[in-house]
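J.: Once you've had a glance at the structure underneath, I'll fire off some questions.
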Amino acid sequence: MHGDDPRTATATAERTRRAEDVLNMQRAARKGGTARLLRWLAARTGAAVLLVDRSGVVTSPLRFPLGRAEHALVRHGVREITARGLKSLAIDEEDLVCFVLPLDGPPGVRTPLLAAVLRGPTPPGLRLLLADATSCLSLCWQLEHARQQQRSLRLADARTREAVLHLLMNGQVSAARQVAGALRPALPDLMRLYVVEGPPTIRRAVADALAAAVDDAWVVPCPVYADHLAVLEPAGPEAHPGIAAEPVWLRSVTDTCWIGVSDPLPLRDTATAYAQAFHALAAARQRAERHASFAADPDLALTIGPQAEAWAAVLLTPLRTHSARRSQDPDGRELLATAASWLSFSSRATAHLKIHRNTLTARLTHVQRLLGLDLNRLHDQAALALALRAIAAGIPPGPQPRATDTVGAAPSLDELLALPHVVAWAKRQFRPLQTPGVPDCTAQTLTTWLRLDARIGPTAAALSLSTSAVRKRLARSEALLQRSLLRSPSAVHDLWLAQRALDLAERRRAGRTGGAGGPDCVAPEPSPAAP
């Protein structure tokens with residue numbers, strides 16, 4: 001024979017073209033999934049190619065918009081193939097041709113259908129090309145569907161865990177246990193809380209690694225900071241405050257993250273544990289090992305004792321007894337939670353509470369009106385923060401008065417801060433700034449900042465410094481005090497109260513000696529409305 005059979009050559013060419021088409025489809029699927037595969041198929045056939053569900057709704061992006069006639073033809077084809085249970089369907093109407101083929105999928109999953117619409121005549125080999133495409137599209141769609149299901153489950157799990165953390169932060173332990181009942185592990189009675197800080201781009205990977213490495217811990221993405229994870233781990237009965245906890249997983253993430261660790265605390269004190277871990281994180285950023293445990297004195301409310309709760313009860317009575325006039329208005333409990341969140345997270349309370357910033361502003365205005373406070377002033381913020389902590393701490397009551405004793409009024413805030421053990425606590429707060437080698441300007445900048453309502457601009461003006469210089473000095477104070485100052489939750493309220501206690505002690509000392517304290521060393525008086 002001097003030449004090949006033309007039919008054999010044609011068949012060989014068709015097989016070669018088909019193999020190339022399959023390879024191109026697989027390449028497109030690997031690079032861009034169903035969307036890229038549909039674009040390639042549209043360019044290859046000249047047809048409008050799309051995925052539709054069983055009701056005829058388009059579920060894939062269109063390269064070219066369909067006209068009314070094309071849409072009607074696709075819907076008609078979907079109805080026909082669904083009603084008759086066919087494996088494929090072709091419809092000719094005037095000069096339009098529509099092919100509909102169902103994708104394969106696991107049992108019980110409603111898979112979409114592949115539809116292709118074009119104006120006749122039909123190119124040769126189009127039916128076979130579309131049949132081959134359904135195989136690739138089925139695999140792509142199943143993979144993407146599984147990933148979407150995983151994302152939905154991950155999102156639902158994260159939101160549930162975030163809701164549990166939110167309830168714990170508000171002291172609602174019983175409700176948190178109920179919500180957490182469907183998840184694992186069970187919430188511990190005694191726990192440590194770790195705040196893990198790292199690049200937001202690796203937060204999911206770190207969370208997955210921690211969840212796999214720690215069987216009995218809760219790993220929760222922080223709802224306030226995109227670069228934080230909260231890890232709540234059982235502390236065990238042998239745990240002690242002030243002793244650094246170094247679980248096995250800790251060193252596996254310190255190459256890329258910083259970690260702050262709280263003291264072991266009961267589950268009801270999750271908010272305190274979070275604040276402690278956050279302050280420890282400020283110290284961890286300055287350390288080569290990239291992790292630190294909370295190393296401050298006990299909470300001021302606990303230091304004061306039962307008198308703090310008596311004072312707080314009087315201050316917060318208007319808020320705790322408040323009833324909403326309308327169903328959509330916040331009641332006393334919501335206002336208390338809003339005030340606590342704002343004092344901890346400032347403007348980021350909107351993310352914590354999932355409310356609009358206008359709602360936050362309106363609630364804070366309501367709190368100010370009920371309590372007679374000016375929350376733009378640091379002294380009123382500090383008083384409210386202490387009162388909320390005193391109520392939340394559940395301080396054990398002191399000795400009960402006898403029937404013959406005279407029960408006096410609740411003490412004032414200044415009377416509480418004047419107690420000798422509170423003054424001793426206040427001195428310990430500033431002691432790291434008084435160590436040899438620390439410039440005097442560091443403490444001066446901090447006390448001026450506190451006196452000026454923790455505002456950078458006025459502090460810079462008062463000290464004739466730039467705002468960046470003030471921030472650097474405050475960052476130095478953060479490292480020395482091992483407390484967060486410039487990022488909420490901040491120790492600013494505790495430090496203002498400590499400075500106030502020292503100023504009151506200096507006034508008493510000056511009064512006994514007949515002298516007078518300098519005007520700059522006395523903090524502003526608390527609002528008269530604050531007991």
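Naming works like this for the structure tokens: A, B, ... for the chains as they're shown, residue 1 at the start of each chain, ligands 1 onward in shown order.
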With only C-alpha atoms as the counted atoms, please give the residues lying no more than 9 Å from Ala383 in chain A, apart from itself and same-chain residues fewer than 3 positions off, as a count of residues only.
T.: 12
J.: Tell me, which residues of range 173-390 of chain A carry DSSP strand (DSSP E), written as a PyMOL selection string?
T.: chain A and resi 190-197+218-221+228-234+258-261+265-266+291-293
J.: Which polymer residues have any atom within 8 Å of an atom of range 458-474 of chain A, counting only C-alpha atoms, with same-chain residues fewer than 3 positions away left out, as JSON, numbers by chain?
T.: {"A": [442, 445, 446, 448, 449, 452, 454, 455, 477, 478, 485, 486]}
J.: Please produce a file of those selected residues containing all heavy atoms, as an mmCIF file, in the first residue's frame.
T.:
data_model
loop_
_atom_site.group_PDB
_atom_site.id
_atom_site.type_symbol
_atom_site.label_atom_id
_atom_site.label_comp_id
_atom_site.auth_asym_id
_atom_site.auth_seq_id
_atom_site.Cartn_x
_atom_site.Cartn_y
_atom_site.Cartn_z
ATOM 1 N N THR A 442 11.553 57.780 82.508
ATOM 2 C CA THR A 442 10.615 56.684 82.232
ATOM 3 C C THR A 442 9.419 56.760 83.167
ATOM 4 O O THR A 442 8.262 56.723 82.739
ATOM 5 C CB THR A 442 11.319 55.328 82.376
ATOM 6 O OG1 THR A 442 12.451 55.285 81.500
ATOM 7 C CG2 THR A 442 10.369 54.184 82.034
ATOM 8 N N THR A 445 7.351 60.024 82.560
ATOM 9 C CA THR A 445 6.455 59.932 81.405
ATOM 10 C C THR A 445 5.213 59.120 81.751
ATOM 11 O O THR A 445 4.085 59.503 81.392
ATOM 12 C CB THR A 445 7.190 59.283 80.216
ATOM 13 O OG1 THR A 445 8.338 60.064 79.896
ATOM 14 C CG2 THR A 445 6.284 59.206 79.004
ATOM 15 N N LEU A 446 5.395 58.030 82.466
ATOM 16 C CA LEU A 446 4.253 57.195 82.823
ATOM 17 C C LEU A 446 3.283 57.938 83.739
ATOM 18 O O LEU A 446 2.066 57.927 83.508
ATOM 19 C CB LEU A 446 4.736 55.906 83.495
ATOM 20 C CG LEU A 446 3.643 54.951 83.976
ATOM 21 C CD1 LEU A 446 2.759 54.496 82.815
ATOM 22 C CD2 LEU A 446 4.250 53.747 84.684
ATOM 23 N N THR A 448 2.902 61.155 84.137
ATOM 24 C CA THR A 448 2.270 62.259 83.402
ATOM 25 C C THR A 448 1.173 61.729 82.488
ATOM 26 O O THR A 448 0.090 62.307 82.382
ATOM 27 C CB THR A 448 3.320 63.020 82.570
ATOM 28 O OG1 THR A 448 4.358 63.495 83.434
ATOM 29 C CG2 THR A 448 2.693 64.198 81.846
ATOM 30 N N TRP A 449 1.442 60.637 81.837
ATOM 31 C CA TRP A 449 0.454 59.991 80.963
ATOM 32 C C TRP A 449 -0.779 59.601 81.757
ATOM 33 O O TRP A 449 -1.914 59.802 81.302
ATOM 34 C CB TRP A 449 1.123 58.785 80.312
ATOM 35 C CG TRP A 449 0.296 58.005 79.348
ATOM 36 C CD1 TRP A 449 -0.181 58.419 78.144
ATOM 37 C CD2 TRP A 449 -0.112 56.636 79.488
ATOM 38 N NE1 TRP A 449 -0.871 57.397 77.519
ATOM 39 C CE2 TRP A 449 -0.834 56.289 78.326
ATOM 40 C CE3 TRP A 449 0.076 55.670 80.472
ATOM 41 C CZ2 TRP A 449 -1.380 55.028 78.135
ATOM 42 C CZ3 TRP A 449 -0.450 54.409 80.283
ATOM 43 C CH2 TRP A 449 -1.181 54.099 79.132
ATOM 44 N N LEU A 452 -2.874 62.628 82.672
ATOM 45 C CA LEU A 452 -3.548 63.252 81.528
ATOM 46 C C LEU A 452 -4.454 62.247 80.803
ATOM 47 O O LEU A 452 -4.567 62.256 79.582
ATOM 48 C CB LEU A 452 -2.511 63.831 80.568
ATOM 49 C CG LEU A 452 -1.676 64.983 81.154
ATOM 50 C CD1 LEU A 452 -0.583 65.416 80.196
ATOM 51 C CD2 LEU A 452 -2.562 66.177 81.502
ATOM 52 N N ALA A 454 -4.285 59.151 80.130
ATOM 53 C CA ALA A 454 -3.652 58.184 79.236
ATOM 54 C C ALA A 454 -3.754 58.608 77.770
ATOM 55 O O ALA A 454 -3.973 57.777 76.883
ATOM 56 C CB ALA A 454 -4.248 56.791 79.442
ATOM 57 N N ARG A 455 -3.582 59.902 77.527
ATOM 58 C CA ARG A 455 -3.627 60.424 76.153
ATOM 59 C C ARG A 455 -2.208 60.796 75.716
ATOM 60 O O ARG A 455 -1.497 61.530 76.413
ATOM 61 C CB ARG A 455 -4.550 61.631 76.078
ATOM 62 C CG ARG A 455 -6.031 61.284 76.292
ATOM 63 C CD ARG A 455 -6.910 62.507 76.210
ATOM 64 N NE ARG A 455 -6.643 63.435 77.304
ATOM 65 C CZ ARG A 455 -7.150 64.656 77.399
ATOM 66 N NH1 ARG A 455 -7.940 65.111 76.430
ATOM 67 N NH2 ARG A 455 -6.866 65.433 78.421
ATOM 68 N N SER A 477 8.331 51.186 79.679
ATOM 69 C CA SER A 477 7.619 50.897 80.929
ATOM 70 C C SER A 477 6.908 49.556 80.851
ATOM 71 O O SER A 477 6.855 48.811 81.832
ATOM 72 C CB SER A 477 6.602 52.014 81.226
ATOM 73 O OG SER A 477 7.259 53.238 81.473
ATOM 74 N N GLU A 478 6.324 49.239 79.687
ATOM 75 C CA GLU A 478 5.688 47.931 79.508
ATOM 76 C C GLU A 478 6.662 46.798 79.799
ATOM 77 O O GLU A 478 6.337 45.839 80.513
ATOM 78 C CB GLU A 478 5.171 47.774 78.072
ATOM 79 C CG GLU A 478 3.866 48.443 77.772
ATOM 80 C CD GLU A 478 3.344 48.064 76.396
ATOM 81 O OE1 GLU A 478 4.159 47.773 75.505
ATOM 82 O OE2 GLU A 478 2.118 48.053 76.210
ATOM 83 N N LEU A 485 0.363 48.309 78.219
ATOM 84 C CA LEU A 485 -0.087 49.687 78.429
ATOM 85 C C LEU A 485 -0.734 50.278 77.176
ATOM 86 O O LEU A 485 -1.748 50.964 77.266
ATOM 87 C CB LEU A 485 1.088 50.578 78.850
ATOM 88 C CG LEU A 485 1.777 50.251 80.175
ATOM 89 C CD1 LEU A 485 2.951 51.188 80.399
ATOM 90 C CD2 LEU A 485 0.795 50.348 81.327
ATOM 91 N N LEU A 486 -0.147 50.016 76.026
ATOM 92 C CA LEU A 486 -0.568 50.684 74.799
ATOM 93 C C LEU A 486 -1.580 49.879 74.000
ATOM 94 O O LEU A 486 -2.097 50.359 73.004
ATOM 95 C CB LEU A 486 0.660 50.973 73.924
ATOM 96 C CG LEU A 486 1.675 51.945 74.539
ATOM 97 C CD1 LEU A 486 2.921 52.037 73.679
ATOM 98 C CD2 LEU A 486 1.056 53.324 74.714
#
J.: Determine which residues of range 9-163 of chain A receive a DSSP assignment of helix (DSSP H, G or I), computed from the backbone, and state them as JSON, numbers by chain.
T.: {"A": [9, 10, 11, 12, 13, 14, 15, 16, 17, 18, 19, 20, 21, 22, 23, 24, 25, 26, 27, 28, 29, 30, 31, 32, 33, 34, 35, 36, 37, 38, 39, 40, 41, 42, 43, 44, 45, 68, 69, 70, 71, 72, 73, 74, 75, 76, 77, 78, 79, 80, 81, 82, 83, 84, 126, 127, 128, 129, 130, 131, 132, 133, 134, 135, 136, 137, 138, 139, 140, 141, 142, 143, 144, 145, 146, 147, 148, 149, 150, 151, 152, 153, 154, 155, 156, 157, 158, 159, 160, 161, 162, 163]}
J.: Counting only C-alpha atoms, figure out which residue out of A:Val109, A:Leu481, A:Ala115, A:Ala288 gets nearest to Ile91 in chain A.
T.: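 Ranked by minimum distance to Ile91 in chain A, first place goes to A:Ala115.
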J.: Kindly give the distance, in Å, that separates CA of Gln286 in chain A and CA of Ala217 in chain A, rounded to a single decimal.
T.: 26.5 Å
J.: Just want the 12 Å neighbourhood of Val314 in chain A, counted on only C-alpha atoms, with same-chain residues fewer than 5 positions away dropped. Output as a list in words.
T.: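 Residues meeting the cut-off are Gln307, Ala308, Glu309, Leu319, Arg320, Thr321, Leu371, Leu384, Ala387, Leu388, Ala390, Ile391, Ala409, Ala410, Pro411, Ser412, Leu413, Ala529, Ala530 and Pro531 of chain A.
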J.: So that I can see what lies close to Gln178 in chain A, please list as a ChimeraX atom specification the residues with an atom at most 10 Å from it, counting only C-alpha atoms and leaving out residues fewer than 5 positions away in the same chain.
T.: /A:164,173,183
J.: Need to verify the contact set: Pro185 in chain A, 8 Å, only C-alpha atoms, exclusion of same-chain residues closer than 3 positions in sequence. Can you return it as a list in words?
T.: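 Contacts, with the query itself left out: Asp215, Asp216, Ala217 and Trp218 of chain A.
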J.: Taking C-alpha atoms for each residue, export the selection above as a PDB file, in the first residue's frame.
T.:
ATOM      1  CA  ASP A 215      -5.970  16.677  73.436  1.00  0.00           C
ATOM      2  CA  ASP A 216      -7.517  18.361  76.477  1.00  0.00           C
ATOM      3  CA  ALA A 217      -7.227  22.051  75.537  1.00  0.00           C
ATOM      4  CA  TRP A 218      -9.633  24.513  73.972  1.00  0.00           C
TER       5      TRP A 218
END
J.: For range 261-272 of chain A, please output as number ranges by chain all residues within 7 Å (counting only C-alpha atoms; exclusion window: fewer than 6 positions along the same chain).
T.: A: 168-169, 171, 173, 188-195, 235, 239-242, 280, 292-294
J.: Store the residues picked out above in a file with all heavy atoms, as a short mmCIF file (atom, residue, chain, number, x, y, z; two decimals), in the first residue's frame.
T.:
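See out11.cif below for the written result:
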data_model
loop_
_atom_site.label_atom_id
_atom_site.label_comp_id
_atom_site.auth_asym_id
_atom_site.auth_seq_id
_atom_site.Cartn_x
_atom_site.Cartn_y
_atom_site.Cartn_z
N LEU A 168 -17.79 32.68 78.95
CA LEU A 168 -16.87 32.58 80.08
C LEU A 168 -16.31 33.94 80.46
O LEU A 168 -16.15 34.24 81.65
CB LEU A 168 -15.72 31.63 79.72
CG LEU A 168 -16.08 30.14 79.59
CD1 LEU A 168 -14.89 29.35 79.07
CD2 LEU A 168 -16.54 29.59 80.92
N MET A 169 -16.01 34.77 79.46
CA MET A 169 -15.48 36.11 79.75
C MET A 169 -16.49 36.96 80.50
O MET A 169 -16.14 37.86 81.26
CB MET A 169 -15.09 36.81 78.45
CG MET A 169 -13.93 36.17 77.72
SD MET A 169 -12.32 36.64 78.37
CE MET A 169 -12.14 38.27 77.67
N GLY A 171 -18.55 35.64 82.68
CA GLY A 171 -18.84 34.96 83.93
C GLY A 171 -20.02 34.01 83.90
O GLY A 171 -20.46 33.52 84.95
N VAL A 173 -20.70 30.76 83.45
CA VAL A 173 -20.06 29.45 83.35
C VAL A 173 -21.08 28.36 83.01
O VAL A 173 -20.81 27.49 82.18
CB VAL A 173 -19.33 29.13 84.67
CG1 VAL A 173 -18.72 27.73 84.60
CG2 VAL A 173 -18.24 30.16 84.92
N PRO A 188 -12.49 22.56 81.79
CA PRO A 188 -11.92 22.19 83.09
C PRO A 188 -12.43 23.12 84.20
O PRO A 188 -12.88 24.23 83.94
CB PRO A 188 -10.42 22.39 82.87
CG PRO A 188 -10.34 23.49 81.86
CD PRO A 188 -11.53 23.30 80.95
N ASP A 189 -12.34 22.65 85.43
CA ASP A 189 -12.71 23.50 86.57
C ASP A 189 -11.60 24.49 86.91
O ASP A 189 -11.85 25.63 87.28
CB ASP A 189 -13.01 22.63 87.80
CG ASP A 189 -14.24 21.76 87.59
OD1 ASP A 189 -15.19 22.24 86.94
OD2 ASP A 189 -14.24 20.60 88.04
N LEU A 190 -10.34 24.04 86.77
CA LEU A 190 -9.17 24.88 87.02
C LEU A 190 -8.35 24.91 85.75
O LEU A 190 -8.05 23.86 85.16
CB LEU A 190 -8.34 24.32 88.18
CG LEU A 190 -7.17 25.17 88.67
CD1 LEU A 190 -7.69 26.44 89.34
CD2 LEU A 190 -6.29 24.38 89.64
N MET A 191 -7.97 26.10 85.30
CA MET A 191 -7.32 26.19 84.00
C MET A 191 -6.25 27.28 83.99
O MET A 191 -6.20 28.14 84.86
CB MET A 191 -8.37 26.48 82.92
CG MET A 191 -9.21 27.70 83.15
SD MET A 191 -8.48 29.25 82.54
CE MET A 191 -9.57 30.47 83.26
N ARG A 192 -5.40 27.16 82.99
CA ARG A 192 -4.50 28.25 82.60
C ARG A 192 -4.95 28.72 81.22
O ARG A 192 -5.40 27.93 80.40
CB ARG A 192 -3.05 27.80 82.51
CG ARG A 192 -2.34 27.60 83.84
CD ARG A 192 -0.86 27.34 83.59
NE ARG A 192 -0.16 26.89 84.77
CZ ARG A 192 0.45 27.71 85.63
NH1 ARG A 192 0.43 29.00 85.42
NH2 ARG A 192 1.08 27.21 86.67
N LEU A 193 -4.79 30.00 80.98
CA LEU A 193 -5.12 30.54 79.66
C LEU A 193 -3.85 31.08 79.02
O LEU A 193 -3.09 31.81 79.66
CB LEU A 193 -6.18 31.63 79.78
CG LEU A 193 -6.89 31.99 78.47
CD1 LEU A 193 -8.34 32.37 78.73
CD2 LEU A 193 -6.20 33.13 77.74
N TYR A 194 -3.62 30.68 77.78
CA TYR A 194 -2.48 31.13 77.00
C TYR A 194 -2.99 32.03 75.88
O TYR A 194 -3.97 31.69 75.21
CB TYR A 194 -1.73 29.96 76.38
CG TYR A 194 -1.22 28.92 77.36
CD1 TYR A 194 -2.09 27.99 77.93
CD2 TYR A 194 0.12 28.85 77.70
CE1 TYR A 194 -1.64 27.04 78.82
CE2 TYR A 194 0.59 27.90 78.59
CZ TYR A 194 -0.30 26.99 79.15
OH TYR A 194 0.15 26.04 80.03
N VAL A 195 -2.34 33.16 75.67
CA VAL A 195 -2.61 34.00 74.50
C VAL A 195 -1.42 33.86 73.57
O VAL A 195 -0.29 34.18 73.94
CB VAL A 195 -2.83 35.47 74.88
CG1 VAL A 195 -2.94 36.33 73.61
CG2 VAL A 195 -4.10 35.63 75.70
N ALA A 235 -5.32 23.11 84.33
CA ALA A 235 -4.11 23.43 85.09
C ALA A 235 -3.70 22.28 86.00
O ALA A 235 -2.52 22.14 86.31
CB ALA A 235 -4.32 24.70 85.92
N ALA A 239 -1.04 22.79 90.23
CA ALA A 239 -0.58 24.06 89.67
C ALA A 239 -0.55 25.14 90.74
O ALA A 239 -1.38 25.17 91.65
CB ALA A 239 -1.49 24.49 88.53
N HIS A 240 0.41 26.05 90.62
CA HIS A 240 0.56 27.14 91.59
C HIS A 240 0.76 28.46 90.85
O HIS A 240 1.44 28.50 89.83
CB HIS A 240 1.75 26.89 92.51
CG HIS A 240 1.63 25.65 93.33
ND1 HIS A 240 0.80 25.56 94.42
CD2 HIS A 240 2.22 24.43 93.19
CE1 HIS A 240 0.89 24.34 94.95
NE2 HIS A 240 1.74 23.63 94.21
N PRO A 241 0.20 29.57 91.37
CA PRO A 241 0.42 30.87 90.74
C PRO A 241 1.89 31.24 90.74
O PRO A 241 2.64 30.91 91.66
CB PRO A 241 -0.40 31.83 91.62
CG PRO A 241 -1.37 30.96 92.34
CD PRO A 241 -0.69 29.65 92.53
N GLY A 242 2.29 31.94 89.67
CA GLY A 242 3.65 32.45 89.59
C GLY A 242 4.67 31.45 89.11
O GLY A 242 5.82 31.80 88.86
N ALA A 280 1.15 39.18 80.29
CA ALA A 280 2.35 38.35 80.16
C ALA A 280 2.88 38.38 78.73
O ALA A 280 4.09 38.30 78.51
CB ALA A 280 2.04 36.92 80.59
N ALA A 292 6.19 34.06 78.39
CA ALA A 292 6.31 34.55 79.77
C ALA A 292 5.03 34.24 80.52
O ALA A 292 3.95 34.17 79.94
CB ALA A 292 6.57 36.06 79.78
N SER A 293 5.17 34.06 81.84
CA SER A 293 4.02 33.85 82.71
C SER A 293 3.69 35.15 83.43
O SER A 293 4.57 36.02 83.61
CB SER A 293 4.31 32.75 83.73
OG SER A 293 4.45 31.50 83.09
N PHE A 294 2.46 35.29 83.85
CA PHE A 294 2.02 36.48 84.56
C PHE A 294 2.79 36.60 85.87
O PHE A 294 2.87 35.64 86.64
CB PHE A 294 0.52 36.39 84.82
CG PHE A 294 -0.06 37.61 85.48
CD1 PHE A 294 -0.11 38.81 84.79
CD2 PHE A 294 -0.55 37.56 86.77
CE1 PHE A 294 -0.65 39.95 85.38
CE2 PHE A 294 -1.09 38.67 87.37
CZ PHE A 294 -1.14 39.87 86.68
#
J.: Please measure the separation of CA of Leu113 in chain A and CA of Trp40 in chain A, giving the value in Å to one decimal.
T.: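 Interatomic distance here is 17.3 Å.
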